[in-house]
>>> print(open('query18.txt').read())   # compact mmCIF, C-alpha atoms
# COMPACT_ATOMS: atom_id res chain seq x y z
CA MET A 1 0.00 0.00 0.00
CA LEU A 2 1.66 3.21 -1.17
CA HIS A 3 2.38 5.99 1.33
CA ASN A 4 0.16 8.50 -0.51
CA ASN A 5 -2.76 6.09 -0.31
CA GLN A 6 -2.22 5.74 3.45
CA ILE A 7 -2.28 9.52 3.82
CA ALA A 8 -5.44 9.73 1.71
CA ALA A 9 -7.16 6.98 3.70
CA ALA A 10 -6.29 8.65 6.99
CA LYS A 11 -7.69 11.97 5.73
CA VAL A 12 -10.97 10.34 4.74
CA LEU A 13 -11.34 8.68 8.14
CA HIS A 14 -10.31 11.81 10.05
CA ASP A 15 -12.72 14.00 8.07
CA HIS A 16 -15.60 11.63 8.82
CA TRP A 17 -14.65 11.57 12.51
CA ARG A 18 -14.58 15.36 12.74
CA ALA A 19 -17.88 15.69 10.86
CA GLY A 20 -19.61 12.87 12.73
CA THR A 21 -20.44 11.14 9.45
CA LYS A 22 -19.97 7.57 8.18
CA LEU A 23 -18.71 5.81 5.08
CA GLY A 24 -19.35 2.39 3.61
CA ALA A 25 -15.71 1.43 3.01
CA LEU A 26 -12.35 2.86 1.99
CA GLU A 27 -12.25 2.70 -1.77
CA GLY A 28 -9.75 1.20 -4.17
CA ALA A 29 -6.07 1.56 -3.34
CA MET A 30 -6.89 3.39 -0.09
CA ARG A 31 -8.34 0.23 1.43
CA PRO A 32 -5.82 -1.67 3.61
CA ARG A 33 -5.47 -5.35 2.76
CA ASP A 34 -4.06 -6.62 6.06
CA ARG A 35 -3.24 -5.62 9.63
CA ALA A 36 0.12 -4.07 8.68
CA GLU A 37 -1.50 -1.78 6.11
CA GLY A 38 -4.24 -0.94 8.59
CA TYR A 39 -1.66 0.16 11.14
CA ALA A 40 0.14 2.20 8.46
CA VAL A 41 -3.06 4.20 7.87
CA GLN A 42 -3.57 4.58 11.61
CA ALA A 43 -0.06 6.00 11.96
CA GLN A 44 -1.04 8.75 9.53
CA LEU A 45 -4.11 9.50 11.67
CA GLU A 46 -1.81 10.34 14.56
CA LYS A 47 -0.27 13.08 12.44
CA THR A 48 -3.63 14.88 12.26
CA SER A 49 -3.25 15.78 15.95
CA ARG A 50 -1.31 18.84 17.00
CA GLU A 51 -0.81 17.44 20.48
CA LYS A 52 1.40 14.74 21.92
CA LEU A 53 -0.07 11.24 21.70
CA PHE A 54 -2.03 10.55 24.89
CA GLY A 55 -1.80 6.78 24.68
CA TRP A 56 -3.24 3.56 23.34
CA LYS A 57 -6.46 1.58 23.49
CA ILE A 58 -7.12 -2.07 22.89
CA ALA A 59 -10.30 -3.10 21.12
CA ALA A 60 -11.81 -6.57 21.36
CA THR A 61 -10.05 -7.93 24.44
CA SER A 62 -13.25 -9.67 25.49
CA GLU A 63 -15.42 -12.20 23.68
CA ALA A 64 -18.28 -9.70 23.80
CA GLY A 65 -16.06 -7.00 22.28
CA GLN A 66 -14.87 -9.33 19.52
CA LYS A 67 -18.45 -10.22 18.65
CA HIS A 68 -19.43 -6.54 18.73
CA ILE A 69 -17.06 -5.66 15.88
CA ASN A 70 -16.77 -9.16 14.37
CA VAL A 71 -13.03 -9.78 14.75
CA ALA A 72 -11.10 -12.80 15.99
CA GLY A 73 -8.72 -11.01 18.36
CA PRO A 74 -7.51 -7.70 19.82
CA LEU A 75 -6.67 -4.54 17.85
CA ALA A 76 -4.54 -1.60 19.07
CA GLY A 77 -5.52 2.01 18.48
CA ARG A 78 -4.23 5.45 19.38
CA ILE A 79 -5.84 7.72 21.97
CA LEU A 80 -5.47 11.25 20.63
CA ALA A 81 -5.34 14.04 23.20
CA GLU A 82 -8.34 15.83 21.69
CA THR A 83 -10.60 12.83 22.37
CA LEU A 84 -10.33 13.16 26.16
CA ILE A 85 -13.37 13.94 28.30
CA ALA A 86 -12.75 14.99 31.91
CA ASP A 87 -13.82 12.61 34.66
CA GLY A 88 -17.41 13.60 35.54
CA GLY A 89 -17.65 15.65 32.36
CA THR A 90 -20.08 15.47 29.46
CA ALA A 91 -19.52 13.63 26.19
CA SER A 92 -21.39 14.58 23.04
CA MET A 93 -23.42 11.87 21.32
CA LYS A 94 -23.17 13.71 17.99
CA GLY A 95 -22.20 11.33 15.19
CA ASN A 96 -21.89 8.37 17.57
CA ALA A 97 -23.56 5.38 15.94
CA MET A 98 -22.05 2.65 18.13
CA ARG A 99 -23.52 4.28 21.28
CA VAL A 100 -21.96 2.16 23.99
CA GLY A 101 -19.85 2.77 27.08
CA GLU A 102 -17.13 0.47 28.36
CA PRO A 103 -15.59 0.32 31.87
CA GLU A 104 -11.84 -0.28 31.62
CA TYR A 105 -8.55 -0.58 33.49
CA ALA A 106 -5.99 1.96 32.25
CA PHE A 107 -2.25 1.93 33.00
CA ARG A 108 0.07 4.93 32.73
CA MET A 109 3.63 4.02 31.82
CA ALA A 110 6.56 5.22 33.93
CA ARG A 111 9.27 4.30 31.43
CA ASP A 112 9.66 3.47 27.76
CA LEU A 113 9.33 -0.01 26.32
CA ALA A 114 11.26 0.14 23.07
CA PRO A 115 11.13 -2.35 20.18
CA ARG A 116 13.35 -5.41 20.60
CA ALA A 117 13.71 -8.87 19.08
CA THR A 118 12.04 -10.82 21.89
CA PRO A 119 8.56 -10.31 23.38
CA TYR A 120 8.14 -8.55 26.71
CA SER A 121 6.87 -10.67 29.59
CA VAL A 122 3.86 -9.52 31.59
CA GLN A 123 6.15 -8.81 34.54
CA GLU A 124 8.55 -6.72 32.46
CA VAL A 125 5.64 -4.61 31.23
CA LEU A 126 4.18 -4.23 34.73
CA ASP A 127 7.60 -3.14 36.01
CA ALA A 128 7.43 -0.25 33.54
CA VAL A 129 4.00 0.95 34.78
CA GLY A 130 3.62 3.97 37.02
CA THR A 131 -0.08 4.15 37.92
CA LEU A 132 -3.40 2.35 37.47
CA HIS A 133 -6.63 4.26 36.72
CA PRO A 134 -10.33 3.48 36.34
CA ALA A 135 -11.49 4.56 32.89
CA ILE A 136 -14.43 4.64 30.49
CA GLU A 137 -14.08 4.26 26.77
CA ILE A 138 -16.76 5.52 24.39
CA PRO A 139 -15.91 3.79 21.10
CA ASP A 140 -17.31 4.39 17.64
CA SER A 141 -16.47 3.57 14.04
CA ARG A 142 -16.37 5.70 10.96
CA PHE A 143 -17.88 2.79 9.01
CA THR A 144 -21.64 2.52 8.62
CA ASP A 145 -21.49 -1.25 9.06
CA PHE A 146 -18.52 -1.70 11.40
CA ALA A 147 -19.38 -5.35 11.99
CA SER A 148 -18.54 -6.18 8.37
CA ALA A 149 -15.64 -3.73 7.86
CA GLY A 150 -12.99 -6.34 8.72
CA GLU A 151 -9.98 -6.02 10.99
CA ALA A 152 -7.69 -4.24 8.49
CA GLN A 153 -10.18 -1.40 7.99
CA LEU A 154 -11.04 -1.27 11.70
CA ILE A 155 -7.34 -0.93 12.58
CA ALA A 156 -7.09 1.87 10.03
CA ASP A 157 -10.16 3.35 11.73
CA ASN A 158 -8.07 3.63 14.91
CA ALA A 159 -9.55 0.44 16.37
CA CYS A 160 -12.89 2.25 16.84
CA ALA A 161 -11.39 4.93 19.10
CA HIS A 162 -13.71 7.87 19.68
CA LEU A 163 -13.82 9.42 23.19
CA PHE A 164 -12.06 8.49 26.42
CA VAL A 165 -12.48 9.29 30.12
CA LEU A 166 -9.56 8.75 32.52
CA GLY A 167 -10.22 8.58 36.24
CA PRO A 168 -7.68 9.52 38.92
CA ALA A 169 -4.70 7.32 39.65
CA THR A 170 -5.55 4.87 42.40
CA ALA A 171 -4.01 5.38 45.82
CA ALA A 172 -4.41 1.67 46.53
CA ASP A 173 -1.59 -0.86 46.22
CA TRP A 174 -2.95 -2.05 42.91
CA ARG A 175 -0.09 -4.48 42.35
CA ALA A 176 -1.42 -6.50 45.30
CA ILE A 177 -5.02 -6.55 43.95
CA ASP A 178 -6.22 -9.57 41.98
CA LEU A 179 -7.43 -7.71 38.88
CA VAL A 180 -8.64 -10.98 37.32
CA GLU A 181 -11.31 -11.43 39.99
CA GLN A 182 -12.11 -7.77 40.57
CA ARG A 183 -15.77 -6.96 39.84
CA PRO A 184 -16.41 -3.29 39.08
CA THR A 185 -19.98 -2.01 39.43
CA ILE A 186 -21.45 0.10 36.65
CA THR A 187 -24.52 2.26 37.29
CA LEU A 188 -26.54 3.38 34.28
CA ARG A 189 -30.18 4.59 34.13
CA GLY A 190 -30.84 3.29 37.62
CA GLU A 191 -29.58 -0.20 36.81
CA ARG A 192 -26.46 -1.86 38.22
CA TYR A 193 -24.15 -4.05 36.16
CA ILE A 194 -21.22 -6.11 37.40
CA GLY A 195 -18.03 -6.33 35.34
CA HIS A 196 -15.26 -8.87 35.75
CA GLY A 197 -11.53 -8.37 35.36
CA LYS A 198 -11.12 -11.74 33.68
CA ASN A 199 -13.21 -10.48 30.73
CA VAL A 200 -10.19 -8.41 29.67
CA LEU A 201 -8.20 -11.01 27.73
CA GLY A 202 -8.25 -13.20 30.84
CA ASP A 203 -6.33 -10.56 32.84
CA PRO A 204 -6.02 -6.78 32.27
CA ARG A 205 -2.27 -7.10 32.91
CA ALA A 206 -1.99 -9.66 30.10
CA ALA A 207 -3.88 -7.27 27.82
CA LEU A 208 -1.40 -4.51 28.67
CA ALA A 209 1.48 -6.83 27.78
CA TRP A 210 -0.30 -7.74 24.53
CA CYS A 211 -0.38 -4.04 23.59
CA ALA A 212 3.30 -3.52 24.43
CA ASN A 213 4.21 -6.47 22.22
CA GLU A 214 1.89 -5.41 19.41
CA LEU A 215 3.71 -2.06 19.33
CA ARG A 216 7.08 -3.81 19.62
CA ALA A 217 6.26 -5.89 16.53
CA LEU A 218 5.32 -2.69 14.69
CA GLY A 219 8.66 -1.08 15.62
CA LEU A 220 6.95 1.41 17.95
CA THR A 221 7.93 2.47 21.46
CA LEU A 222 5.36 2.49 24.26
CA ARG A 223 6.49 5.68 25.92
CA ALA A 224 6.67 6.90 29.50
CA GLY A 225 3.61 9.01 30.29
CA GLU A 226 1.39 7.27 27.76
CA VAL A 227 -1.80 5.60 28.98
CA VAL A 228 -2.94 2.16 27.81
CA THR A 229 -6.60 1.33 28.34
CA THR A 230 -7.03 -2.41 28.19
CA GLY A 231 -10.56 -3.08 26.98
CA THR A 232 -13.97 -3.46 28.55
CA CYS A 233 -14.55 -5.63 31.61
CA HIS A 234 -18.29 -5.75 30.89
CA PRO A 235 -20.14 -6.29 27.59
CA PRO A 236 -20.57 -2.86 25.91
CA LEU A 237 -23.51 -1.06 27.56
CA PRO A 238 -25.96 0.96 25.42
CA ILE A 239 -25.94 4.70 26.12
CA GLN A 240 -28.08 7.65 25.06
CA ALA A 241 -28.21 11.40 25.55
CA GLY A 242 -29.16 12.25 29.12
CA ASP A 243 -27.45 9.21 30.63
CA GLU A 244 -24.80 9.20 33.32
CA PHE A 245 -22.39 6.25 33.22
CA ALA A 246 -20.65 5.65 36.55
CA ALA A 247 -18.11 2.88 37.18
CA ASP A 248 -16.99 1.94 40.69
CA PHE A 249 -13.80 -0.15 40.72
CA GLY A 250 -13.79 -0.58 44.50
CA ALA A 251 -10.37 0.10 46.02
CA ILE A 252 -9.06 1.23 42.62
CA GLY A 253 -11.49 4.16 42.46
CA LYS A 254 -14.41 5.60 40.53
CA VAL A 255 -14.95 7.29 37.17
CA SER A 256 -18.03 8.74 35.49
CA VAL A 257 -19.26 10.57 32.43
CA LYS A 258 -22.54 12.15 31.28
CA PHE A 259 -23.91 12.14 27.73
CA ALA A 260 -25.61 14.94 25.83
>>> encode(input="query18.txt", output="structure tokens")
Amino acid sequence: MLHNNQIAAAKVLHDHWRAGTKLGALEGAMRPRDRAEGYAVQAQLEKTSREKLFGWKIAATSEAGQKHINVAGPLAGRILAETLIADGGTASMKGNAMRVGEPEYAFRMARDLAPRATPYSVQEVLDAVGTLHPAIEIPDSRFTDFASAGEAQLIADNACAHLFVLGPATAADWRAIDLVEQRPTITLRGERYIGHGKNVLGDPRAALAWCANELRALGLTLRAGEVVTTGTCHPPLPIQAGDEFAADFGAIGKVSVKFA
């Protein structure tokens, strides 16, 4: 896939994101044929931002998430600084067709993990983490029928990144908490839902290591200060204007967002 086509594809996707509109598919030579070409388009999307990259998201780390976008495994995407919504703030529903919220574990890195020949172990990645945060992702796709877009186009589409809410760093000793068996409570429209840490690729820490190694394989550095949000611990929950989505991660902390 030629560089100019990657730039053109990224512009199409970015323009639709900014306008809140959708497209059927990337046409002709702009359409990525595999994961590598999808990531090449996504890299061009990062260049549309004037701010430093905030971090990374992982789509489809749960069976429910994989079914939601019809892929066989996880996809990495970039969190651009301009997509952030303050904890307790209000997110616009304009142009959001997916209309779901996802409670997530997010890790902020304390030091770089640079590309190398061998994969990073989970422990090596955890040793590079500074803080753990409760978070909410509000995904969306630029494709009208995201379930049939395929993983290459969805990667190009920034792994369905849209808006992101980061809660405060936990004061708890999170390294001593069994994240696999943690069960966050989500409150939405007067109903309570119970998440489960094991829904995140079996263990949110394993999902974090997956992301570090996905970037390593792409020749990218996971940098100190960047945040990695590891995927939903509860099946995506439908949202609408007027809702408040609140997630209580127990000792780890709380995070919330309103929708308008």
>>> residues_around(input="query18.txt", residues="Val228 of chain A", least_positions_apart="2", cutoff="7 Å", atoms="all atoms listed in the file", output="list in words")
Gly55, Trp56, Lys57, Ala106, Phe107, Arg108, Leu208, Glu226 and Thr230 of chain A
>>> atom_distance(input="query18.txt", atom1="atom CA of Ala161 of chain A", atom2="atom CA of Gly250 of chain A")
26.1 Å
>>> residues_around(input="query18.txt", residues="Pro115 of chain A", least_positions_apart="6", cutoff="6 Å", atoms="only C-alpha atoms", output="VMD selection string")
chain A and resid 216 219 221
>>> write_last_selection(input="query18.txt", atoms="C-alpha atoms", output="PDB file, in the coordinates of the input")
ATOM      1  CA  ARG A 216       7.080  -3.810  19.620  1.00  0.00           C
ATOM      2  CA  GLY A 219       8.660  -1.080  15.620  1.00  0.00           C
ATOM      3  CA  THR A 221       7.930   2.470  21.460  1.00  0.00           C
TER       4      THR A 221
END
>>> closest_residue(input="query18.txt", among="A:Ile177, A:Val257, A:Ala159, A:Val200", to="Ile79 of chain A", atoms="all atoms listed in the file")
A:Ala159
>>> closest_residue(input="query18.txt", among="A:Leu75, A:Pro204, A:Asp112, A:Phe259", to="Ala128 of chain A", atoms="only C-alpha atoms")
A:Asp112
>>> atom_distance(input="query18.txt", atom1="atom CA of Ala176 of chain A", atom2="atom CA of Ala251 of chain A")
11.1 Å
